file data11.cif (mmCIF, C-alpha atoms)
data_work
loop_
_atom_site.label_atom_id
_atom_site.label_comp_id
_atom_site.auth_asym_id
_atom_site.auth_seq_id
_atom_site.Cartn_x
_atom_site.Cartn_y
_atom_site.Cartn_z
CA MET Y 1 251.97 217.91 34.91
CA THR Y 2 253.65 216.69 31.74
CA LEU Y 3 254.19 219.03 28.80
CA VAL Y 4 253.45 217.33 25.50
CA THR Y 5 254.51 218.87 22.19
CA VAL Y 6 252.40 217.82 19.24
CA ILE Y 7 253.72 218.23 15.70
CA PRO Y 8 250.90 218.06 13.15
CA GLY Y 9 251.17 215.77 10.18
CA SER Y 10 252.73 212.38 9.69
CA PHE Y 11 256.39 211.41 9.90
CA THR Y 12 258.24 210.37 6.78
CA ALA Y 13 260.71 207.52 6.59
CA SER Y 14 263.56 209.94 7.31
CA GLY Y 15 261.83 211.06 10.51
CA LEU Y 16 260.94 214.54 9.33
CA PRO Y 17 257.36 215.71 9.83
CA SER Y 18 255.15 216.34 6.84
CA LEU Y 19 253.08 219.29 8.00
CA GLY Y 20 250.40 218.74 5.37
CA VAL Y 21 250.64 222.23 3.90
CA LYS Y 22 248.76 222.39 0.61
CA GLY Y 23 250.10 223.67 -2.71
CA PHE Y 24 253.54 223.79 -4.32
CA ALA Y 25 256.00 226.09 -6.07
CA ASP Y 26 258.91 225.51 -8.44
CA THR Y 27 261.20 228.00 -10.18
CA PHE Y 28 263.58 225.43 -11.74
CA THR Y 29 266.59 227.44 -10.56
CA ARG Y 30 268.44 224.23 -9.71
CA PRO Y 31 271.24 222.79 -11.88
CA ASP Y 32 270.38 221.22 -15.25
CA ALA Y 33 269.14 217.66 -14.85
CA ALA Y 34 267.46 214.89 -16.86
CA SER Y 35 264.64 214.74 -14.32
CA LEU Y 36 262.20 217.25 -12.87
CA GLY Y 37 262.78 215.70 -9.45
CA ASP Y 38 261.15 217.58 -6.58
CA THR Y 39 259.71 221.07 -6.37
CA GLU Y 40 261.85 223.72 -4.67
CA GLY Y 41 259.21 225.40 -2.55
CA MET Y 42 258.04 224.04 0.79
CA PRO Y 43 256.57 221.58 1.16
CA ARG Y 44 258.77 219.76 -1.35
CA ARG Y 45 256.72 217.54 -3.63
CA SER Y 46 257.65 215.10 -6.38
CA TRP Y 47 256.87 215.68 -10.04
CA SER Y 48 255.07 212.86 -11.91
CA VAL Y 49 255.23 212.65 -15.70
CA TRP Y 50 252.62 210.84 -17.79
CA THR Y 51 252.55 210.24 -21.52
CA GLN Y 52 250.18 208.45 -23.91
CA SER Y 53 252.65 205.68 -24.70
CA GLY Y 54 256.24 205.22 -25.77
CA THR Y 55 259.16 207.05 -24.23
CA PHE Y 56 259.39 210.51 -22.75
CA ALA Y 57 261.95 212.92 -21.37
CA HIS Y 58 261.71 215.53 -18.63
CA GLY Y 59 264.04 217.72 -16.65
CA VAL Y 60 265.53 221.15 -16.10
CA THR Y 61 267.57 223.18 -18.56
CA ASN Y 62 268.82 226.75 -18.20
CA GLY Y 63 266.47 227.41 -15.28
CA GLU Y 64 263.34 226.15 -17.03
CA GLY Y 65 261.33 222.93 -16.78
CA TYR Y 66 260.42 220.61 -19.66
CA ALA Y 67 258.62 217.35 -20.36
CA TYR Y 68 257.86 215.79 -23.75
CA ARG Y 69 257.24 212.51 -25.50
CA SER Y 70 260.52 211.66 -27.15
CA ASP Y 71 259.73 208.89 -29.64
CA THR Y 72 256.85 210.15 -31.82
CA ALA Y 73 254.14 212.80 -31.68
CA GLY Y 74 252.05 212.76 -28.54
CA HIS Y 75 251.39 214.73 -25.40
CA THR Y 76 252.89 214.66 -21.93
CA LEU Y 77 251.60 215.88 -18.56
CA ALA Y 78 253.93 216.85 -15.71
CA THR Y 79 251.94 217.16 -12.47
CA VAL Y 80 252.32 217.58 -8.73
CA ASP Y 81 249.78 216.54 -6.11
CA ALA Y 82 248.94 219.85 -4.42
CA GLU Y 83 246.52 218.13 -2.01
CA ALA Y 84 243.86 220.65 -3.07
CA ALA Y 85 241.52 220.95 -6.04
CA ASP Y 86 240.58 224.59 -5.40
CA GLY Y 87 243.19 227.32 -5.55
CA THR Y 88 245.26 229.33 -8.01
CA LEU Y 89 247.60 227.74 -10.55
CA GLU Y 90 250.09 230.22 -12.02
CA LEU Y 91 252.91 229.62 -14.46
CA THR Y 92 255.21 231.63 -16.70
CA MET Y 93 255.58 230.41 -20.25
CA GLY Y 94 259.02 229.68 -21.67
CA THR Y 95 260.01 228.70 -25.20
CA ARG Y 96 257.50 227.03 -27.54
CA GLY Y 97 258.79 224.13 -29.64
CA ALA Y 98 257.91 223.85 -33.31
CA SER Y 99 254.18 223.19 -33.96
CA ALA Y 100 253.65 222.76 -30.23
CA GLN Y 101 250.78 223.12 -27.84
CA HIS Y 102 251.98 223.71 -24.30
CA GLY Y 103 250.87 225.43 -21.13
CA ALA Y 104 249.04 224.58 -17.92
CA VAL Y 105 247.28 221.37 -16.94
CA PHE Y 106 245.05 221.10 -13.89
CA ARG Y 107 242.66 218.79 -12.06
CA ALA Y 108 244.31 215.82 -13.75
CA THR Y 109 243.66 212.21 -12.80
CA ASP Y 110 245.43 210.44 -15.68
CA ILE Y 111 246.64 210.95 -19.25
CA GLY Y 112 243.07 211.14 -20.61
CA ASN Y 113 241.22 213.12 -17.91
CA TYR Y 114 242.21 216.70 -17.12
CA TYR Y 115 241.86 220.35 -18.11
CA ARG Y 116 244.45 222.33 -20.00
CA LEU Y 117 245.12 225.95 -20.93
CA VAL Y 118 247.53 225.91 -23.84
CA ASP Y 119 249.27 228.06 -26.39
CA ALA Y 120 247.77 226.49 -29.54
CA GLN Y 121 250.72 226.71 -31.96
CA GLY Y 122 251.11 230.44 -31.40
CA ALA Y 123 247.55 231.23 -32.53
CA GLU Y 124 245.69 231.70 -29.23
CA TYR Y 125 245.25 230.33 -25.72
CA ARG Y 126 242.58 227.65 -25.42
CA LEU Y 127 240.87 226.27 -22.33
CA GLN Y 128 239.92 222.64 -22.93
CA ARG Y 129 238.51 219.70 -21.01
CA PHE Y 130 239.52 216.09 -21.64
CA ILE Y 131 237.31 213.15 -20.64
CA GLY Y 132 238.59 209.74 -21.70
CA GLY Y 133 240.85 211.52 -24.17
CA ALA Y 134 237.95 213.31 -25.90
CA VAL Y 135 238.44 217.09 -25.99
CA THR Y 136 235.86 219.87 -25.48
CA LEU Y 137 236.69 223.54 -26.02
CA LEU Y 138 235.51 225.61 -23.03
CA GLY Y 139 236.84 228.96 -24.20
CA ALA Y 140 239.55 230.84 -26.09
CA ALA Y 141 241.38 234.08 -25.39
CA ALA Y 142 240.63 235.89 -28.64
CA GLY Y 143 243.05 238.63 -29.60
CA VAL Y 144 245.89 237.38 -27.37
CA THR Y 145 248.99 236.17 -29.23
CA PRO Y 146 250.89 233.70 -27.03
CA ALA Y 147 254.50 234.60 -26.24
CA ALA Y 148 257.34 233.52 -23.98
CA GLY Y 149 257.06 235.30 -20.65
CA ASP Y 150 253.26 235.26 -20.59
CA VAL Y 151 251.88 234.62 -17.10
CA LEU Y 152 248.92 232.25 -17.02
CA ARG Y 153 246.78 232.29 -13.88
CA ILE Y 154 243.88 229.88 -13.42
CA VAL Y 155 241.61 230.39 -10.42
CA LEU Y 156 239.66 227.27 -9.43
CA ASP Y 157 236.69 227.43 -7.07
CA GLY Y 158 234.33 224.47 -7.25
CA PRO Y 159 232.95 224.37 -10.81
CA SER Y 160 234.21 227.90 -11.53
CA ILE Y 161 237.32 228.30 -13.72
CA ALA Y 162 238.66 231.81 -14.33
CA VAL Y 163 241.62 232.31 -16.67
CA HIS Y 164 243.85 235.38 -16.45
CA ILE Y 165 246.62 236.08 -18.95
CA ASN Y 166 249.17 238.71 -17.97
CA GLY Y 167 246.85 240.00 -15.28
CA VAL Y 168 243.73 240.33 -17.44
CA GLN Y 169 240.77 237.95 -17.11
CA ARG Y 170 240.20 236.40 -20.53
CA ILE Y 171 238.11 233.23 -20.09
CA THR Y 172 235.52 232.02 -17.60
CA ALA Y 173 233.84 228.64 -17.51
CA SER Y 174 231.79 226.45 -15.20
CA ASP Y 175 232.39 222.70 -15.28
CA THR Y 176 232.25 219.89 -12.72
CA HIS Y 177 234.53 217.28 -14.38
CA ASN Y 178 237.33 216.17 -12.02
CA GLN Y 179 236.20 218.87 -9.59
CA VAL Y 180 238.01 217.28 -6.66
CA ALA Y 181 241.19 216.19 -8.50
CA THR Y 182 244.33 217.63 -6.87
CA ARG Y 183 247.07 217.19 -9.50
CA HIS Y 184 248.19 220.32 -11.36
CA GLY Y 185 251.18 221.19 -13.53
CA PHE Y 186 252.08 221.70 -17.16
CA TYR Y 187 251.30 220.19 -20.57
CA ASN Y 188 253.40 219.73 -23.71
CA ASN Y 189 253.24 217.87 -27.00
CA ALA Y 190 256.57 218.74 -28.65
CA GLN Y 191 260.26 218.84 -27.84
CA GLY Y 192 261.69 222.29 -27.14
CA SER Y 193 258.84 223.75 -25.07
CA THR Y 194 259.58 224.94 -21.53
CA ILE Y 195 258.05 226.78 -18.59
CA ARG Y 196 259.95 229.23 -16.37
CA ASP Y 197 258.14 228.80 -13.06
CA ILE Y 198 254.93 227.41 -11.62
CA SER Y 199 252.96 227.49 -8.37
CA PHE Y 200 249.66 226.35 -6.90
CA THR Y 201 248.40 228.30 -3.90
CA VAL Y 202 245.33 227.75 -1.75
#
call {"tool": "encode", "arguments": {"input": "data11.cif", "output": "structure tokens"}}
result
Amino acid sequence: MTLVTVIPGSFTASGLPSLGVKGFADTFTRPDAASLGDTEGMPRRSWSVWTQSGTFAHGVTNGEGYAYRSDTAGHTLATVDAEAADGTLELTMGTRGASAQHGAVFRATDIGNYYRLVDAQGAEYRLQRFIGGAVTLLGAAAGVTPAAGDVLRIVLDGPSIAVHINGVQRITASDTHNQVATRHGFYNNAQGSTIRDISFTV
């Protein structure tokens, strides 16, 4: 009898197995860098940054992550492929740049098709859907003033989207756009905005 050990997943170029675990986590506690690089949690996954056009910058500063379009006004998405569309996206807000909208982005397929939950210039949090760049408001967290340190939690289950802010459910919506898209992360449209940590769990 021969004993055979089977390691699930596929082998990477370096010979290490990718176990196929879904989700990601990043606390940005690595040294300052002019690139977001890879997430810290296991499995390690690479950040991708998209912008409308022009140039953009992204990286880590003082233990927080950032991404922004650096030439003129415009928005930027920083996403990770979590290999799952359904799950819980949670992030902690950092500093908001001047006149900025920033926050979470989820179920993204490209720069014009995604959902976002953003601090709208300090006025309120808004849940919005983008299809081909056209925006639809799905809900707003009335009476909540966005602030650094706020914890945004978005629970995705099929068409159901439930938004919790600092542990309190504030917005619910049902929508099937990009329902199977697996890229999640954060959104920004101005220099100076950061997030402190982020995770997607299944």
call {"tool": "residues_around", "arguments": {"input": "data11.cif", "residues": "Ala25 (chain Y)", "least_positions_apart": "4", "cutoff": "9 Å", "atoms": "all atoms listed in the file", "output": "number ranges by chain"}}
result
Y: 39-45, 197-201
call {"tool": "closest_residue", "arguments": {"input": "data11.cif", "among": "Y:Val21, Y:Ala57, Y:Val49, Y:Val163", "to": "Ile111 (chain Y)", "atoms": "all atoms listed in the file"}}
result
Y:Val49
call {"tool": "residues_around", "arguments": {"input": "data11.cif", "residues": "Gly94 (chain Y)", "least_positions_apart": "5", "cutoff": "7 Å", "atoms": "only C-alpha atoms", "output": "list in words"}}
result
Ala148, Gly149, Ser193, Thr194, Ile195 and Arg196 of chain Y
call {"tool": "resolve_selection", "arguments": {"input": "data11.cif", "expression": "the PyMOL selection byres ((chain Y and resi 169-181) around 12)", "output": "PyMOL selection string"}}
result
chain Y and resi 79-87+105-110+112-115+117+124-132+136-144+151-168+182-184
call {"tool": "atom_distance", "arguments": {"input": "data11.cif", "atom1": "CA of Asn188 (chain Y)", "atom2": "CA of Ala100 (chain Y)"}}
result
7.2 Å
call {"tool": "resolve_selection", "arguments": {"input": "data11.cif", "expression": "the PyMOL selection byres ((chain Y and resi 36) around 9)", "output": "ChimeraX atom specification"}}
result
/Y:28,33-35,37-39,46-49,58-60,65-67,78
call {"tool": "atom_distance", "arguments": {"input": "data11.cif", "atom1": "CA of Leu91 (chain Y)", "atom2": "CA of Arg116 (chain Y)"}}
result
12.5 Å
